[in-house]
Amino acid sequence: MNIIVTGGSGFIGINLIKYLINIKSCKILNIDKLTSTSMNYWLKNLEKNKRYKFKRIDLINYKKLNETIYKFKPDIIFNLAAESHVDTSISNPQIFIKSNIEGTFNILEIANSYYQKFKKKNFKFIHISTDEVYGSLDIKDKPKDENSAYMPNSPYSASKASSDYLVRAWNRTYNLPTIITHCSNNYGPYQYPEKLIPVIILKAISNKKIPIYGNGKNIREWVYVEDHVKYLYYLAIKGKTGEVYNIGSNYEIDNLNLCKRICLVLKKANKKNIDYTKQIQFVKDRKGHDFRYAINSNKIKKIIKNVKKTPLNLGLQKTIKWYLDNSEWLIKKITK
Ligand SMILES: NC(=O)c1ccc[n+]([C@@H]2O[C@H](COP(=O)([O-])OP(=O)(O)OC[C@H]3O[C@@H](n4cnc5c(N)ncnc54)[C@H](O)[C@@H]3O)[C@@H](O)[C@H]2O)c1
């Protein structure tokens, strides 16, 4: 099976590639433009593997992308490439329109002409979207399912919602075999320290203030990244094209309590008996900060039953271990 992973040098992409490379029938091509938050270093050990290739390409570069896709002849395209940080989307939205919307348009056009030419059996274009497109929930609202209306509030979620609509249209209009996924917040190894969990860990161990937006009461649903990538692989095998699938965990927690939990796991993990919660500092809230995201993932669980959910505490322990083991490298990368 020839698999393209766009955005393969980002957090979820690295985890997906590390999972797929263990499946002997998979040949992988990683297409990534390498932004400053990419973590390509962690794929260096795959460079000698004959089943792995990397091409540095911006999805905006239609010609290069076109040549590369036709040459590789994929059976599956996982489209993860995107600008992904909500804060950056507020300060610099333009790049989100370029990469997330225009970039998706380019790869859809190429995937469609390639598919119509070769009509590869079981070809799938799997577009990785987010729960944020459903907008913010109140505490008593039911988790959103795949039929819920889109209500994106940030430039990031609006750009992802726009790209989802393009994918839907290419399926309905041209019969391109697509799947769209909406995953909740991921956590785990290889996430660049601009996102909440790695920020908390690295600030804590560097004896710095741990910034928490507003009053810390915003709620997110957290999925361990290895669970997410297993679902993506099984969707490539069993997912029905033209469909949308939510991928969540039901582990909802507010940012302050998540931070306290990390501080506790950290205290046990590095045996220094430090109360890291003393470093927590509330900072000015993010503009338009959505209060809560929560999704109903029953649909995917009906077709994929063999992904065992990683409990939040276990996932946090594994994540913290990885950040502690690699803290020197990570701190160097972010202070460069
Ligand atoms: N991290 C999460 O919690 C989460 C949750 C749900 C969905 N998602 C989605 O999953 C995907 C991956 O997220 P992530 O957390 O790994 O993000 P990330 O920012 O860590 O990685 C994204 C990768 O895409 C690459 N990229 C960006 N623009 C590109 C372009 N124009 N051409 C080629 N490559 C480009 C970057 O260089 C980077 O390596 C994104 O589409 C995101 O919207 C993420």
# chains A, B, ... in the order shown; residues from 1 in each chain; ligands from 1
>>> select_by_dssp(residues="stretch 74-114 of chain A", states="alpha helix (DSSP H)", output="PDB file with C-alpha atoms, in the first residue's frame")
ATOM      1  CA  VAL A  86      -5.033  28.928  17.104  1.00  0.00           C
ATOM      2  CA  ASP A  87      -2.949  31.745  18.652  1.00  0.00           C
ATOM      3  CA  THR A  88      -0.926  32.134  15.440  1.00  0.00           C
ATOM      4  CA  SER A  89      -4.155  32.155  13.435  1.00  0.00           C
ATOM      5  CA  ILE A  90      -5.283  35.174  15.457  1.00  0.00           C
ATOM      6  CA  SER A  91      -2.049  37.127  14.954  1.00  0.00           C
ATOM      7  CA  GLN A  94      -3.181  34.884   6.117  1.00  0.00           C
ATOM      8  CA  ILE A  95      -0.929  31.857   6.207  1.00  0.00           C
ATOM      9  CA  PHE A  96      -3.906  29.754   7.412  1.00  0.00           C
ATOM     10  CA  GLY A 103      -3.201  23.989  -0.014  1.00  0.00           C
ATOM     11  CA  THR A 104      -6.163  21.620   0.387  1.00  0.00           C
ATOM     12  CA  PHE A 105      -7.624  22.849  -2.911  1.00  0.00           C
ATOM     13  CA  ASN A 106      -4.342  22.043  -4.715  1.00  0.00           C
ATOM     14  CA  ILE A 107      -3.983  18.554  -3.343  1.00  0.00           C
ATOM     15  CA  LEU A 108      -7.664  17.798  -3.973  1.00  0.00           C
ATOM     16  CA  GLU A 109      -7.333  18.863  -7.611  1.00  0.00           C
ATOM     17  CA  ILE A 110      -4.254  16.684  -8.086  1.00  0.00           C
ATOM     18  CA  ALA A 111      -5.713  13.732  -6.178  1.00  0.00           C
ATOM     19  CA  ASN A 112      -8.843  13.953  -8.291  1.00  0.00           C
ATOM     20  CA  SER A 113      -7.103  14.055 -11.681  1.00  0.00           C
ATOM     21  CA  TYR A 114      -4.812  11.213 -10.538  1.00  0.00           C
TER      22      TYR A 114
END
>>> residues_around(residues="A:Tyr165", least_positions_apart="3", cutoff="12 Å", atoms="only C-alpha atoms", output="PyMOL selection string")
chain A and resi 100-101+104-105+108+127+129+133+150+158-162+168-173+178-180+244
>>> residues_around(residues="A:Ile300", least_positions_apart="3", cutoff="12 Å", atoms="only C-alpha atoms", output="PyMOL selection string")
chain A and resi 145-146+179-183+228+230-232+234-235+238-240+243-249+295-297+303-307
>>> write_last_selection(atoms="C-alpha atoms", output="PDB file, in the first residue's frame")
ATOM      1  CA  ASP A 145     -21.909  14.354  16.351  1.00  0.00           C
ATOM      2  CA  GLU A 146     -21.106  14.163  12.646  1.00  0.00           C
ATOM      3  CA  ILE A 179     -13.167  10.658   4.270  1.00  0.00           C
ATOM      4  CA  ILE A 180     -13.171  13.588   6.694  1.00  0.00           C
ATOM      5  CA  THR A 181     -12.221  13.105  10.346  1.00  0.00           C
ATOM      6  CA  HIS A 182     -12.829  15.445  13.272  1.00  0.00           C
ATOM      7  CA  CYS A 183     -10.482  14.677  16.095  1.00  0.00           C
ATOM      8  CA  HIS A 228      -5.755   8.705  16.972  1.00  0.00           C
ATOM      9  CA  LYS A 230      -4.484   3.806  14.874  1.00  0.00           C
ATOM     10  CA  TYR A 231      -7.988   5.011  14.028  1.00  0.00           C
ATOM     11  CA  LEU A 232      -6.618   6.745  10.937  1.00  0.00           C
ATOM     12  CA  TYR A 234      -8.074   1.476  10.248  1.00  0.00           C
ATOM     13  CA  LEU A 235     -10.142   4.127   8.468  1.00  0.00           C
ATOM     14  CA  LYS A 238     -12.409  -0.002   6.659  1.00  0.00           C
ATOM     15  CA  GLY A 239     -13.703   3.565   6.435  1.00  0.00           C
ATOM     16  CA  LYS A 240     -16.593   4.267   4.118  1.00  0.00           C
ATOM     17  CA  GLU A 243     -18.383   9.752   5.236  1.00  0.00           C
ATOM     18  CA  VAL A 244     -17.318  11.894   8.178  1.00  0.00           C
ATOM     19  CA  TYR A 245     -16.019  10.415  11.444  1.00  0.00           C
ATOM     20  CA  ASN A 246     -15.439  12.010  14.840  1.00  0.00           C
ATOM     21  CA  ILE A 247     -12.465  10.710  16.826  1.00  0.00           C
ATOM     22  CA  GLY A 248     -12.584  11.528  20.520  1.00  0.00           C
ATOM     23  CA  SER A 249     -11.948   9.974  23.910  1.00  0.00           C
ATOM     24  CA  ILE A 295     -17.624  15.217  20.416  1.00  0.00           C
ATOM     25  CA  ASN A 296     -19.644  12.036  20.144  1.00  0.00           C
ATOM     26  CA  SER A 297     -17.442   9.304  18.606  1.00  0.00           C
ATOM     27  CA  ILE A 303     -16.767   0.087  12.660  1.00  0.00           C
ATOM     28  CA  ILE A 304     -13.404   0.093  14.441  1.00  0.00           C
ATOM     29  CA  LYS A 305     -13.512  -1.874  17.648  1.00  0.00           C
ATOM     30  CA  ASN A 306      -9.869  -2.817  18.124  1.00  0.00           C
ATOM     31  CA  VAL A 307      -8.415   0.525  19.226  1.00  0.00           C
TER      32      VAL A 307
END
>>> closest_residue(among="A:Ile237, A:Ile57, A:Met39, A:Ile3", to="A:Lys333", atoms="only C-alpha atoms")
A:Met39
>>> closest_residue(among="A:Lys55, A:Lys308, A:Lys27, A:Lys302", to="ligand 1", atoms="only C-alpha atoms and all ligand atoms")
A:Lys55
>>> closest_residue(among="A:Gln317, A:Thr35, A:Asn250, A:Gln116", to="ligand 1", atoms="only C-alpha atoms and all ligand atoms")
A:Thr35
>>> select_by_dssp(residues="stretch 270-332 of chain A", states="strand (DSSP E or B)", output="count of residues only")
6
>>> residues_around(residues="A:Lys318", least_positions_apart="5", cutoff="9 Å", atoms="only C-alpha atoms", output="ChimeraX atom specification")
/A:188-189,313,323
>>> write_last_selection(atoms="N, CA and C atoms", output="PDB file, in the first residue's frame")
ATOM      1  N   GLY A 188       0.721  13.872  23.368  1.00  0.00           N
ATOM      2  CA  GLY A 188       1.663  12.762  23.278  1.00  0.00           C
ATOM      3  C   GLY A 188       3.026  13.265  22.834  1.00  0.00           C
ATOM      4  N   PRO A 189       3.946  12.332  22.556  1.00  0.00           N
ATOM      5  CA  PRO A 189       5.291  12.721  22.133  1.00  0.00           C
ATOM      6  C   PRO A 189       5.304  13.442  20.788  1.00  0.00           C
ATOM      7  N   ASN A 313      -4.432   9.384  32.455  1.00  0.00           N
ATOM      8  CA  ASN A 313      -3.243   9.418  33.325  1.00  0.00           C
ATOM      9  C   ASN A 313      -2.061   8.661  32.723  1.00  0.00           C
ATOM     10  N   TYR A 323       8.967  13.924  27.194  1.00  0.00           N
ATOM     11  CA  TYR A 323       9.459  15.313  27.279  1.00  0.00           C
ATOM     12  C   TYR A 323      10.635  15.423  28.254  1.00  0.00           C
TER      13      TYR A 323
END
>>> closest_residue(among="A:Ala82, A:Leu137, A:Ala294, A:Met1", to="ligand 1", atoms="only C-alpha atoms and all ligand atoms")
A:Ala82
>>> closest_residue(among="A:Lys332, A:His289, A:Arg261, A:Lys98", to="ligand 1", atoms="only C-alpha atoms and all ligand atoms")
A:Lys98
>>> closest_residue(among="A:Asn147, A:Asn270, A:Thr6, A:Asn92", to="ligand 1", atoms="only C-alpha atoms and all ligand atoms")
A:Thr6
>>> atom_distance(atom1="atom 5 (C, counted along the ligand's line) of ligand 1", atom2="atom CA of A:Asp58")
20.8 Å
>>> closest_atom_pairs(of="stretch 16-52 of chain A", to="stretch 212-226 of chain A", cutoff="10 Å", atoms="only C-alpha atoms", output="CSV")
residue,atom,partner,partner_atom,distance
A:Leu16,CA,A:Glu226,CA,7.7
A:Lys18,CA,A:Glu226,CA,9.6
A:Tyr19,CA,A:Glu226,CA,8.0
>>> residues_around(residues="stretch 192-197 of chain A", least_positions_apart="5", cutoff="9 Å", atoms="only C-alpha atoms", output="VMD selection string")
chain A and resid 10 to 11 37 to 39 85 187 202 212 255 258 to 259 262 319 330 to 331 334
>>> write_last_selection(atoms="N, CA and C atoms", output="PDB file, in the first residue's frame")
ATOM      1  N   GLY A  10       5.018  17.020  11.246  1.00  0.00           N
ATOM      2  CA  GLY A  10       4.387  17.654  12.409  1.00  0.00           C
ATOM      3  C   GLY A  10       4.050  16.597  13.448  1.00  0.00           C
ATOM      4  N   PHE A  11       3.421  17.046  14.501  1.00  0.00           N
ATOM      5  CA  PHE A  11       3.151  16.196  15.670  1.00  0.00           C
ATOM      6  C   PHE A  11       2.389  14.910  15.319  1.00  0.00           C
ATOM      7  N   THR A  37       7.924  24.967  13.234  1.00  0.00           N
ATOM      8  CA  THR A  37       7.465  24.105  14.334  1.00  0.00           C
ATOM      9  C   THR A  37       7.471  22.615  13.948  1.00  0.00           C
ATOM     10  N   SER A  38       7.972  22.311  12.749  1.00  0.00           N
ATOM     11  CA  SER A  38       8.067  20.894  12.361  1.00  0.00           C
ATOM     12  C   SER A  38       9.114  20.211  13.230  1.00  0.00           C
ATOM     13  N   MET A  39       8.971  18.907  13.358  1.00  0.00           N
ATOM     14  CA  MET A  39       9.911  18.163  14.216  1.00  0.00           C
ATOM     15  C   MET A  39      10.549  17.041  13.392  1.00  0.00           C
ATOM     16  N   HIS A  85      -1.905  26.248  14.855  1.00  0.00           N
ATOM     17  CA  HIS A  85      -1.944  26.873  16.181  1.00  0.00           C
ATOM     18  C   HIS A  85      -2.942  28.045  16.210  1.00  0.00           C
ATOM     19  N   TYR A 187      -2.658  14.697  22.393  1.00  0.00           N
ATOM     20  CA  TYR A 187      -1.458  14.934  23.198  1.00  0.00           C
ATOM     21  C   TYR A 187      -0.571  13.706  23.087  1.00  0.00           C
ATOM     22  N   LEU A 202       7.409  21.881  29.871  1.00  0.00           N
ATOM     23  CA  LEU A 202       8.728  22.517  29.742  1.00  0.00           C
ATOM     24  C   LEU A 202       8.884  23.745  30.632  1.00  0.00           C
ATOM     25  N   ILE A 212      -1.600  30.086  32.091  1.00  0.00           N
ATOM     26  CA  ILE A 212      -2.918  29.501  31.836  1.00  0.00           C
ATOM     27  C   ILE A 212      -3.857  30.645  31.451  1.00  0.00           C
ATOM     28  N   ASN A 255      -8.655  23.317  31.615  1.00  0.00           N
ATOM     29  CA  ASN A 255      -7.212  23.554  31.478  1.00  0.00           C
ATOM     30  C   ASN A 255      -6.491  23.611  32.823  1.00  0.00           C
ATOM     31  N   LEU A 258      -6.253  20.107  34.223  1.00  0.00           N
ATOM     32  CA  LEU A 258      -5.282  19.354  33.419  1.00  0.00           C
ATOM     33  C   LEU A 258      -3.863  19.739  33.857  1.00  0.00           C
ATOM     34  N   CYS A 259      -3.667  21.040  34.025  1.00  0.00           N
ATOM     35  CA  CYS A 259      -2.341  21.534  34.410  1.00  0.00           C
ATOM     36  C   CYS A 259      -1.938  20.976  35.782  1.00  0.00           C
ATOM     37  N   ILE A 262      -0.932  17.389  35.434  1.00  0.00           N
ATOM     38  CA  ILE A 262       0.411  17.242  34.841  1.00  0.00           C
ATOM     39  C   ILE A 262       1.478  17.528  35.905  1.00  0.00           C
ATOM     40  N   THR A 319       3.665  10.710  27.966  1.00  0.00           N
ATOM     41  CA  THR A 319       4.021  11.993  27.339  1.00  0.00           C
ATOM     42  C   THR A 319       5.098  12.694  28.153  1.00  0.00           C
ATOM     43  N   LEU A 330      14.658  19.795  23.205  1.00  0.00           N
ATOM     44  CA  LEU A 330      13.457  20.621  22.974  1.00  0.00           C
ATOM     45  C   LEU A 330      13.689  22.065  23.410  1.00  0.00           C
ATOM     46  N   ILE A 331      14.329  22.238  24.557  1.00  0.00           N
ATOM     47  CA  ILE A 331      14.555  23.603  25.056  1.00  0.00           C
ATOM     48  C   ILE A 331      15.494  24.349  24.097  1.00  0.00           C
ATOM     49  N   ILE A 334      13.422  25.441  21.022  1.00  0.00           N
ATOM     50  CA  ILE A 334      12.517  26.602  21.156  1.00  0.00           C
ATOM     51  C   ILE A 334      13.246  27.900  21.493  1.00  0.00           C
TER      52      ILE A 334
END
>>> atom_distance(atom1="atom CA of A:Asn122", atom2="atom CA of A:Phe72")
16.0 Å
>>> atom_distance(atom1="atom CA of A:Leu46", atom2="atom CA of A:Ser9")
12.1 Å
